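Enquirer: One file: upload.csv (CSV, C-alpha atoms).
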chain,number,residue,atom,x,y,z
P,49,HIS,CA,85.6,123.5,95.9
P,50,GLU,CA,87.7,122.2,98.8
P,51,LYS,CA,90.6,120.0,99.5
P,52,GLY,CA,90.6,117.6,102.5
P,53,ILE,CA,91.5,114.3,104.0
P,54,GLU,CA,89.9,111.5,102.0
P,55,LYS,CA,91.3,108.4,103.8
P,56,ILE,CA,93.1,107.6,107.0
P,57,SER,CA,94.6,104.3,108.0
P,58,ILE,CA,96.2,103.4,111.3
P,59,LYS,CA,99.2,101.1,111.3
P,60,GLU,CA,100.6,98.9,114.1
P,61,GLY,CA,102.9,100.7,116.5
P,62,LEU,CA,100.8,103.8,117.0
P,63,THR,CA,101.8,105.6,120.2
P,64,SER,CA,99.6,107.7,122.4
P,65,GLY,CA,101.8,110.7,121.7
P,66,GLU,CA,101.5,110.4,117.9
P,67,LEU,CA,97.7,109.8,118.2
P,68,LYS,CA,97.3,113.0,120.3
P,69,ARG,CA,99.5,114.9,117.8
P,70,PHE,CA,97.4,113.6,114.9
P,71,VAL,CA,94.1,114.4,116.6
P,72,TYR,CA,95.4,117.9,117.3
P,73,PHE,CA,96.2,118.2,113.6
P,74,LEU,CA,92.7,117.1,112.8
P,75,ALA,CA,91.3,119.6,115.3
P,76,THR,CA,93.3,122.7,114.2
P,77,GLY,CA,94.1,122.1,110.5
P,78,LYS,CA,96.9,124.7,110.9
P,79,ASP,CA,99.5,122.6,109.2
P,80,ASP,CA,99.6,122.0,105.5
P,81,ALA,CA,98.7,118.3,105.3
P,82,ARG,CA,101.5,117.6,102.9
P,83,GLY,CA,104.0,118.7,105.5
P,84,ALA,CA,102.6,116.8,108.4
P,85,ARG,CA,104.5,113.5,109.1
P,86,PHE,CA,103.2,110.6,111.2
P,87,GLU,CA,105.0,107.2,111.5
P,88,ALA,CA,102.0,105.0,112.1
P,89,ILE,CA,99.2,107.0,110.4
P,90,ASP,CA,98.7,107.2,106.6
P,91,TYR,CA,96.3,109.6,105.0
P,92,GLY,CA,95.4,110.8,101.5
P,93,ILE,CA,94.7,114.2,100.2
P,94,ILE,CA,92.2,115.0,97.5
P,95,GLN,CA,92.4,118.3,95.6
P,96,ALA,CA,89.3,119.5,93.8
P,97,ILE,CA,89.7,121.4,90.6
P,98,LYS,CA,89.3,125.1,91.1
P,99,SER,CA,87.8,127.5,88.7
P,100,LYS,CA,90.0,130.2,87.4
P,101,ASP,CA,88.2,132.9,89.3
P,102,GLU,CA,88.6,131.3,92.7
P,103,THR,CA,91.2,132.9,94.9
P,104,GLU,CA,94.3,131.3,96.4
P,105,GLU,CA,93.4,132.7,99.8
P,106,GLY,CA,93.3,130.0,102.4
P,107,GLU,CA,94.5,127.3,99.9
P,108,SER,CA,96.6,125.5,102.4
P,109,THR,CA,93.9,125.3,105.0
P,110,LEU,CA,91.9,122.1,105.3
P,111,SER,CA,88.1,122.5,105.4
P,112,ARG,CA,86.8,122.1,108.9
P,113,SER,CA,84.2,119.6,107.8
P,114,HIS,CA,86.9,117.3,106.1
P,115,ILE,CA,89.1,117.6,109.2
P,116,LEU,CA,86.3,116.3,111.5
P,117,HIS,CA,85.2,113.7,109.0
P,118,GLY,CA,88.8,112.4,109.0
P,119,ALA,CA,88.5,111.8,112.7
P,120,THR,CA,86.2,108.9,112.0
P,121,GLU,CA,89.1,106.6,111.3
P,122,VAL,CA,90.8,107.6,114.5
P,123,LEU,CA,87.5,107.1,116.4
P,124,LYS,CA,87.1,103.6,115.0
P,125,ASP,CA,90.3,102.4,116.7
P,126,LEU,CA,89.5,104.3,119.9
P,127,LEU,CA,86.0,102.7,120.2
P,128,LYS,CA,87.5,99.2,119.7
P,129,SER,CA,90.2,100.0,122.3
P,130,LEU,CA,87.8,101.3,124.8
P,131,ALA,CA,85.4,98.4,124.4
P,132,LYS,CA,88.3,96.1,125.2
P,133,GLY,CA,88.8,97.9,128.4
P,134,GLY,CA,91.2,100.5,127.0
P,135,SER,CA,93.4,102.8,128.9
P,136,GLY,CA,93.1,106.3,130.3
P,137,THR,CA,95.1,107.4,127.2
P,138,SER,CA,92.2,106.1,125.1
P,139,VAL,CA,89.7,108.2,127.1
P,140,SER,CA,92.0,111.2,126.8
P,141,SER,CA,92.2,110.8,123.0
P,142,ALA,CA,88.4,110.5,122.8
P,143,GLN,CA,88.2,113.8,124.7
P,144,GLU,CA,90.5,115.3,122.1
P,145,ILE,CA,88.1,114.4,119.3
P,146,VAL,CA,85.3,116.0,121.3
P,147,ALA,CA,87.4,119.1,121.6
P,148,SER,CA,87.8,119.1,117.8
P,149,ILE,CA,84.0,118.9,117.4
P,150,MET,CA,83.6,121.8,119.8
P,151,GLN,CA,86.2,123.9,118.0
P,152,GLY,CA,84.5,123.0,114.7
P,153,ILE,CA,81.1,124.2,115.9
P,154,ARG,CA,82.6,127.5,117.1
P,155,GLN,CA,84.2,128.1,113.7
P,156,ASP,CA,81.3,126.7,111.6
P,157,ALA,CA,77.9,127.2,113.2
P,158,HIS,CA,76.4,124.8,110.6
P,159,LEU,CA,78.9,122.0,111.1
P,160,PHE,CA,76.6,119.2,111.8
P,161,HIS,CA,74.5,119.9,108.6
P,162,ARG,CA,77.8,119.7,106.6
P,163,LEU,CA,78.7,116.4,108.4
P,164,MET,CA,75.4,114.9,107.4
P,165,GLN,CA,76.2,115.7,103.8
P,166,MET,CA,79.4,113.6,104.0
P,167,GLN,CA,78.0,110.4,105.4
P,168,SER,CA,80.3,107.4,104.9
P,169,HIS,CA,78.4,104.2,104.0
P,170,ASP,CA,81.2,102.2,105.6
P,171,ASP,CA,81.8,102.1,109.4
P,172,TYR,CA,78.3,103.3,110.1
P,173,THR,CA,78.6,103.0,113.9
P,174,VAL,CA,81.8,105.2,113.9
P,175,THR,CA,80.4,107.9,111.6
P,176,HIS,CA,77.1,107.8,113.5
P,177,SER,CA,78.9,108.3,116.9
P,178,LEU,CA,80.8,111.3,115.5
P,179,ASN,CA,77.6,112.8,114.1
P,180,VAL,CA,75.5,112.3,117.2
P,181,SER,CA,78.3,113.9,119.3
P,182,ALA,CA,78.3,117.0,117.0
P,183,ILE,CA,74.5,117.2,117.0
P,184,VAL,CA,74.3,116.9,120.8
P,185,VAL,CA,77.0,119.5,121.4
P,186,ALA,CA,75.1,121.8,119.0
P,187,GLN,CA,71.9,121.3,121.1
P,188,ALA,CA,73.8,121.9,124.4
P,189,THR,CA,75.5,125.0,122.9
P,190,ALA,CA,72.0,126.4,122.0
P,191,LEU,CA,71.0,125.9,125.6
P,192,GLY,CA,73.9,128.1,126.7
P,193,LEU,CA,75.7,125.4,128.7
P,194,PRO,CA,79.3,126.2,129.8
P,195,GLU,CA,82.4,124.9,128.0
P,196,ASN,CA,83.3,122.3,130.6
P,197,ARG,CA,79.9,120.8,130.4
P,198,LEU,CA,80.0,120.7,126.6
P,199,GLN,CA,83.2,118.6,126.8
P,200,GLU,CA,81.6,116.1,129.2
P,201,ILE,CA,78.3,116.0,127.1
P,202,GLY,CA,80.1,115.6,123.8
P,203,LEU,CA,82.1,112.6,125.2
P,204,ALA,CA,79.0,110.9,126.5
P,205,ALA,CA,77.2,111.3,123.2
P,206,MET,CA,80.2,110.0,121.3
P,207,LEU,CA,80.4,106.9,123.4
P,208,HIS,CA,76.6,106.2,123.5
P,209,ASP,CA,76.9,103.2,121.1
P,210,ILE,CA,80.1,101.8,122.5
P,211,GLY,CA,78.2,98.6,123.5
P,212,LYS,CA,77.8,97.8,119.8
P,213,GLU,CA,81.4,96.7,119.8
P,214,LYS,CA,80.1,93.7,121.7
P,215,ILE,CA,77.5,92.9,119.1
P,216,PRO,CA,78.4,90.4,116.3
P,217,SER,CA,79.5,92.1,113.2
P,218,GLU,CA,77.2,90.0,111.0
P,219,ILE,CA,74.3,91.7,112.7
P,220,LEU,CA,75.8,95.2,112.7
P,221,GLN,CA,76.7,95.0,109.0
P,222,LYS,CA,73.7,93.0,107.7
P,223,PRO,CA,72.7,94.5,104.4
P,224,GLY,CA,69.0,94.0,105.1
P,225,LYS,CA,66.6,94.5,108.0
P,226,ILE,CA,67.4,92.4,111.1
P,227,ASN,CA,65.0,89.8,112.3
P,228,PRO,CA,63.5,89.6,115.8
P,229,LEU,CA,66.2,87.4,117.2
P,230,GLU,CA,68.9,89.7,115.8
P,231,PHE,CA,67.0,92.8,117.2
P,232,ALA,CA,67.0,91.2,120.6
P,233,LYS,CA,70.7,90.8,120.4
P,234,MET,CA,71.2,94.3,119.2
P,235,ALA,CA,69.0,95.6,122.0
P,236,GLU,CA,71.7,94.4,124.4
P,237,HIS,CA,74.1,97.1,123.4
P,238,PRO,CA,73.0,99.8,126.0
P,239,VAL,CA,73.6,97.4,128.9
P,240,ALA,CA,76.8,96.2,127.3
P,241,GLY,CA,78.0,99.8,126.8
P,242,ALA,CA,77.2,100.7,130.4
P,243,LYS,CA,79.2,97.7,131.6
P,244,VAL,CA,82.2,98.7,129.5
P,245,LEU,CA,82.1,102.3,130.7
P,246,ARG,CA,81.6,101.3,134.4
P,247,LYS,CA,85.2,99.9,134.4
P,248,MET,CA,86.6,103.2,133.0
P,249,ASP,CA,87.4,106.6,134.3
P,250,CYS,CA,85.7,109.0,131.9
P,251,GLY,CA,85.8,111.9,134.4
P,252,SER,CA,82.1,111.5,135.3
P,253,ASP,CA,79.3,108.9,135.2
P,254,LEU,CA,77.6,110.7,132.3
P,255,PRO,CA,78.9,108.5,129.5
P,256,LEU,CA,77.8,105.4,131.4
P,257,ILE,CA,74.3,106.9,132.0
P,258,VAL,CA,73.8,108.0,128.4
P,259,ALA,CA,75.0,104.6,127.0
P,260,PHE,CA,72.4,102.9,129.2
P,261,GLU,CA,69.5,105.3,128.7
P,262,HIS,CA,69.7,106.5,125.1
P,263,HIS,CA,67.1,104.0,123.8
P,264,ILE,CA,64.6,104.6,126.6
P,265,LYS,CA,61.9,106.9,125.3
P,266,TYR,CA,60.2,109.8,127.1
P,267,ASP,CA,57.1,107.7,127.6
P,268,ARG,CA,59.3,104.9,129.1
P,269,SER,CA,58.9,102.6,126.1
P,270,GLY,CA,62.0,101.4,124.3
P,271,TYR,CA,64.8,99.5,125.9
P,272,PRO,CA,66.2,98.3,128.2
P,273,LYS,CA,63.0,98.0,130.2
P,274,GLU,CA,62.9,99.6,133.6
P,275,SER,CA,60.4,99.3,136.4
P,276,SER,CA,61.3,102.6,138.0
P,277,LYS,CA,59.7,105.9,137.0
P,278,ARG,CA,62.8,107.9,137.6
P,279,LYS,CA,63.6,110.8,135.3
P,280,LEU,CA,66.2,110.1,132.7
P,281,HIS,CA,69.2,112.4,132.4
P,282,PRO,CA,68.5,115.4,130.0
P,283,VAL,CA,71.6,114.4,128.0
P,284,SER,CA,70.1,111.0,127.4
P,285,TYR,CA,67.1,112.6,125.9
P,286,MET,CA,69.3,114.9,123.8
P,287,THR,CA,71.3,111.9,122.6
P,288,GLN,CA,68.2,109.9,121.8
P,289,ILE,CA,66.9,112.8,119.6
P,290,ALA,CA,70.2,113.1,117.8
P,291,ASP,CA,70.4,109.3,117.5
P,292,VAL,CA,67.0,109.1,115.7
P,293,TYR,CA,67.7,112.1,113.5
P,294,ASP,CA,71.1,110.8,112.3
P,295,ALA,CA,69.7,107.3,111.7
P,296,LEU,CA,66.8,108.7,109.5
P,297,ARG,CA,69.1,111.0,107.6
P,298,THR,CA,71.7,108.3,106.9
P,299,TYR,CA,71.6,105.9,103.9
P,300,ARG,CA,71.2,102.3,104.9
P,301,PRO,CA,71.4,99.2,102.6
P,302,TYR,CA,67.7,98.6,103.1
P,303,ARG,CA,66.5,102.1,102.6
P,304,ASP,CA,67.5,105.5,101.2
P,305,SER,CA,68.4,108.4,103.4
P,306,LEU,CA,65.5,110.8,104.2
P,307,ASP,CA,65.6,114.5,103.5
P,308,ILE,CA,65.4,117.0,106.4
P,309,LYS,CA,61.7,117.8,105.8
P,310,THR,CA,60.6,114.2,105.8
P,311,THR,CA,62.8,113.4,108.8
P,312,LEU,CA,61.4,116.2,110.9
P,313,SER,CA,57.9,115.3,109.9
P,314,ILE,CA,58.4,111.8,111.2
P,315,MET,CA,60.1,113.0,114.4
P,316,GLU,CA,57.4,115.6,115.1
P,317,LYS,CA,54.9,112.8,115.7
P,318,GLY,CA,57.1,111.6,118.6
P,319,ARG,CA,57.2,115.0,120.4
P,320,GLY,CA,56.0,114.4,124.0
P,321,THR,CA,55.9,110.6,123.6
P,322,GLU,CA,59.2,109.4,122.2
P,323,PHE,CA,61.0,112.7,122.8
P,324,GLU,CA,61.1,115.1,125.7
P,325,PRO,CA,59.1,118.0,124.3
P,326,LYS,CA,61.2,121.0,125.5
P,327,LEU,CA,64.4,119.4,124.4
P,328,TYR,CA,62.9,118.4,121.1
P,329,ASP,CA,61.8,122.0,120.5
P,330,ASN,CA,65.4,123.2,121.3
P,331,PHE,CA,66.7,120.5,118.8
P,332,LEU,CA,64.2,121.7,116.2
P,333,ARG,CA,65.3,125.3,116.5
P,334,THR,CA,68.9,124.2,116.2
P,335,VAL,CA,68.3,122.2,113.1
P,336,LEU,CA,66.2,124.8,111.4
P,337,ALA,CA,68.8,127.5,112.1
P,338,ASP,CA,71.6,125.3,110.9
P,339,GLN,CA,69.7,124.4,107.8
P,340,ALA,CA,68.9,128.0,107.0
P,341,GLY,CA,72.4,129.2,107.6
P,342,ALA,CA,73.9,126.4,105.5
P,343,GLY,CA,71.6,127.2,102.6
P,344,ALA,CA,69.9,123.8,102.6
Will you turn the file into C-alpha cells for me?

Expert:
Amino acid sequence: HEKGIEKISIKEGLTSGELKRFVYFLATGKDDARGARFEAIDYGIIQAIKSKDETEEGESTLSRSHILHGATEVLKDLLKSLAKGGSGTSVSSAQEIVASIMQGIRQDAHLFHRLMQMQSHDDYTVTHSLNVSAIVVAQATALGLPENRLQEIGLAAMLHDIGKEKIPSEILQKPGKINPLEFAKMAEHPVAGAKVLRKMDCGSDLPLIVAFEHHIKYDRSGYPKESSKRKLHPVSYMTQIADVYDALRTYRPYRDSLDIKTTLSIMEKGRGTEFEPKLYDNFLRTVLADQAGAGA
C-alpha cells in the first residue's frame, strides 16, 4: 500500500515562484508532504492501511506515480493559461512537469502503465495530456534519443490537445457520443492549438507541429485535411499512437475502458495505415516490456 497526494486545488494569488516550487516538490517527492507549505496551493494526503509485516522503510516518501498524478491539477491551470496566450513562465512551468515525467520514467521504468491504472474520470483532457506525454517520452527513450530531445518531445506531446481549450465545454464533457456537427467542431482543435502555440515561445516549433499533425494518420486520412504529401514529423506519429492507446484504455461515459490485450488487438489493425509501422513496432515493444515488468 502507498500514501500519496489525493487532491490538489489552486487558489487565487498563485505566483510563478510558488508554482515552480510546488512542481519541483511533485517531481522529487523529497519532502514529507505534511511538512511542505504553499500559500496558494492546497492538497490532501491519503494514508493506506499497512499490514503489520510491512516495513517502515521509505514511509515518508511519496510514490512516484501519485506524485505525477498530482501534477494533473497543476497542468489543468497551465493549459488554460497557455490557451489564453499565457506567459513564458507558463511554458517554463509546463517544462517542469515534463521534467518530472522524465525523472519518473528514469526511476520507474513502468511508469506509464501505473499512470493508466490511476485514470481520473474528471478532467479527461488534462489527465490524457499527462498520460500521452509519459507514453511518448517512454517511446522516445526506447529509441535512445538524448535527454535534451526528450524534454522537447515531452513538452510537445503534453501540449498536443491544447486546442481543446477553445472547444465548448458542453462538447468536451458530453456524457454520450458526439453528433456529426459536434465532431466537426471538435475536429477544429488541431488548428486551434497550432494557432495558440504559434504565438508562444516554446523553445522550438515542435509543439506547434505536433498539435497540428497528431490527428493526421499515416495514410493521410484523419484531420485536418492536407493536399500536400509531405512527411509528418516522427513525434506527431508517436503522439498519434499514444493518443489512440490512451483513449482506448480510458473509461468514457459512453463506454468502458479496454484492457491492454483488446486495445493492442484493435491498434494492430492500423499498423501501416493509421500508424507509421516502425514507430508502432517500437511502441508495441515498449508497452509489452512495461506490461511484463509491471506484472500486468

Enquirer: Give me the residues near segment 207-224 of chain P as a PyMOL selection string, where near means some atom within 6 Å (using only C-alpha atoms) and where sequence neighbours in that chain fewer than 6 positions away do not count.

Expert: chain P and resi 237-238+240-241+258-259+301-302

Enquirer: If you count all atoms listed in the file, which residues fall within 10 Å of Val283 of chain P, apart from same-chain ones fewer than 5 positions away, as an MDAnalysis selection string?

Expert: chainID P and resid 184:185 187:188 201:202 204:205 254:255 257:258 261:262 288:289 327

Enquirer: One decimal, Å: what's the distance from atom CA of Arg268 of chain P over to atom CA of Phe331 of chain P, could you say?

Expert: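 Distance reported for this atom pair: 20.1 Å.
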
Enquirer: Need the shell around segment 265-267 of chain P: protein/DNA/RNA residues with any atom at most 7 Å away, counting all atoms listed in the file. Skip same-chain ones fewer than 3 positions apart. Format as a compact mmCIF listing (two decimals) with C-alpha atoms, keeping the file's coordinate frame?

Expert:
# COMPACT_ATOMS: atom_id res chain seq x y z
CA GLY P 270 62.00 101.40 124.30
CA GLY P 320 56.00 114.40 124.00
CA THR P 321 55.90 110.60 123.60
CA GLU P 322 59.20 109.40 122.20
CA PHE P 323 61.00 112.70 122.80
CA GLU P 324 61.10 115.10 125.70

Enquirer: List the neighbours of Arg333 of chain P out to 12 Å using all atoms listed in the file; skip same-chain residues closer than 4 positions along the sequence, and give me the result as a compact mmCIF listing (two decimals) with C-alpha atoms, in the coordinates of the input.

Expert:
# COMPACT_ATOMS: atom_id res chain seq x y z
CA ALA P 186 75.10 121.80 119.00
CA GLN P 187 71.90 121.30 121.10
CA ALA P 190 72.00 126.40 122.00
CA LEU P 191 71.00 125.90 125.60
CA LEU P 312 61.40 116.20 110.90
CA LYS P 326 61.20 121.00 125.50
CA LEU P 327 64.40 119.40 124.40
CA TYR P 328 62.90 118.40 121.10
CA ASP P 329 61.80 122.00 120.50
CA ALA P 337 68.80 127.50 112.10
CA ASP P 338 71.60 125.30 110.90
CA GLN P 339 69.70 124.40 107.80
CA ALA P 340 68.90 128.00 107.00

Enquirer: Report, in Å with one decimal, the straight-line distance from atom CA of Tyr271 of chain P to atom CA of Ser181 of chain P.

Expert: 20.8 Å

Enquirer: For a test of reading the model, state the distance in Å between atom CA of Leu198 of chain P and atom CA of Glu316 of chain P, rounded to one decimal.

Expert: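 That distance, rounded to one decimal, is 25.9 Å.
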